[in-house]
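Report on one structure; see the data block that follows.
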Amino acid sequence: MTLISVLGAARRLGGRPPFQLRGSYERLLEGRLDLQIVAATRAQAQQAEHDALNELERLGRVLGAQDPHSEWRRWLRQASSAPTPLSLDLTAVLRLADHWRLRSGGALHPGAEALGLLWAQAERTGRPPAPQELQRLVSAVQGAPWTLQADGCAVLHARGPLGLGPLARGYMVDRAAAVASRAAGVRWVQVRAGGALRVVGPGSVTVTVADPFTARDNAPWLARVRVRRGALAQRPAPAPGSAPLVNPRTGCPAAPAPGVVVLAPECAAAEALATILSVLDVRGGLALVDSTPGCAALVVTPDGRRHPSRAWPRRDHPPGGAQGHEDQPG
């Protein structure tokens, strides 16, 4: 059943057409958030919208990287290494970080934040990092940055900058979609933040993936994939002047593929894999995707070649004509 099917089902059955709410919000998740909700009535859709936005505001006070008063930032500032009780949400994201750090062999590591800051400073000054300083940071991020205890407490080991990055964003998108979908009368929810997308409910959405080698709006698209009860994350090549993506295992900037697209059951997993695929070589990255249940990916290398994982949908090839790049229900 597509989103159009969700909207049309009530009409075919002679019932009241459902209400579709669309909203865009600035300065949420450090950027723009787009929300779509299909519910039985306008009031129910608006209540679900209210619930989702409240959830994002609440999680921002827990996970916000730019908010000096967030629980995450306050924990990082503490001078003591004693066990500290943490909220369920922060603990959940730290467990996700541990999971993907271990599964990726350190390719996704919260300590990459310190390396990224070092290379950003090098770009501003025009001088590469001192070899001794770079090696010191690489050695510092090889181990676990924290230890999570069974009683809900955590011990912080790292003393340098840490970042939860795409994992925190993916978790927040997942939570917002889940909260909205539980509101009375809601039939379908889509939440999108940057390159992260989550769909909950029986409807699906067809996402058009832009060709990473052209900025033309009418350029042929690279792929079209249907997202149903799951998530998608896209990771384009970094824009000129943006902070470099650093490989935590080497300490050097990675050479990310121009285009990375991941399908996964949840947005946090899709975001994690998209970042890992931007750091690892194509073969190693896709092997990790293939070993992750319910996940698929497409990597486009600088030579223009498409490298799909085993589970990537095979009917995504673009036609000869040009198409738009907007998400489309279908």
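Identifiers in the structure tokens: chain A, B, ... in order shown; residue index from 1 per chain; ligand index from 1 in order shown.
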
Report the closest atom pair, with its distance in Å rounded to one decimal, for each residue of range 106-217 of chain A that has an atom no farther than 10 Å from range 301-304 of chain A; count only C-alpha atoms, sort by chain and then rising residue number, and write it as CSV.
```
residue,atom,partner,partner_atom,distance
A:Asp211,CA,A:Gly304,CA,9.6
A:Pro212,CA,A:Gly304,CA,9.0
A:Phe213,CA,A:Gly304,CA,8.1
```

Please save C-alpha atoms of the selected residues as a tab-separated table (two decimals), in the first residue's frame.
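Just written: out-v8.tsv:
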```tsv
chain	number	residue	atom	x	y	z
A	211	ASP	CA	22.86	12.08	-9.39
A	212	PRO	CA	25.86	13.16	-7.24
A	213	PHE	CA	27.80	14.36	-10.30
```

- Residue neighbourhood Gly116 in chain A, 8 Å, only C-alpha atoms, exclusion window fewer than 2 positions, as a VMD selection string: chain A and resid 112 to 114 118 to 120 243 to 246

- Item | Minimum-distance residue to Arg159 in chain A, chosen among A:Gly203, A:Pro110, A:Pro128, A:Gly64 (using only C-alpha atoms) | A:Pro110

- Message: As an exercise, work out the distance from CA of Pro313 in chain A to CA of Cys295 in chain A in Å and give it to one decimal place.
- Response: 10.9 Å

- Item | Minimum-distance residue to Arg169 in chain A, chosen among A:Pro145, A:Leu102, A:Val261, A:Glu271 (using only C-alpha atoms) |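 Looking only at the distances to Arg169 in chain A, the closest residue turns out to be A:Glu271.
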
- Among A:Ala107, A:Val186, A:Val299, A:Ala43, Leu222 in chain A is approached most closely, using only C-alpha atoms, by A:Val299

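Among A:Pro293, A:Gly170, A:Gly285, A:Gly259, the residue with the shortest atom-to-atom distance to Arg306 in chain A, counting only C-alpha atoms, is A:Gly259.
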
- Message: Could you list, as a list in words, every residue within 8 Å of Tyr171 in chain A, counting only C-alpha atoms and ignoring same-chain residues fewer than 4 positions away?
- Response: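 Answer for this query is Val93, Leu167, Arg175, Cys267 and Ala268 of chain A.
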
- Would you work out the distance separating CA of Ser70 in chain A from CA of Val179 in chain A, expressed in Å to one decimal?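 These two atoms are separated by 21.1 Å.
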
- Which residue out of A:Ala254, A:Val300, A:Leu277, A:Leu148 has the minimum interatomic distance to Leu94 in chain A when only C-alpha atoms are used?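 For Leu94 in chain A, the nearest of the candidates is A:Leu148.
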
- Query: Quick one: DSSP helix (DSSP H, G or I) residues in range 189-316 of chain A, as a PyMOL selection string?
  - Reply: chain A and resi 267-279+282-290
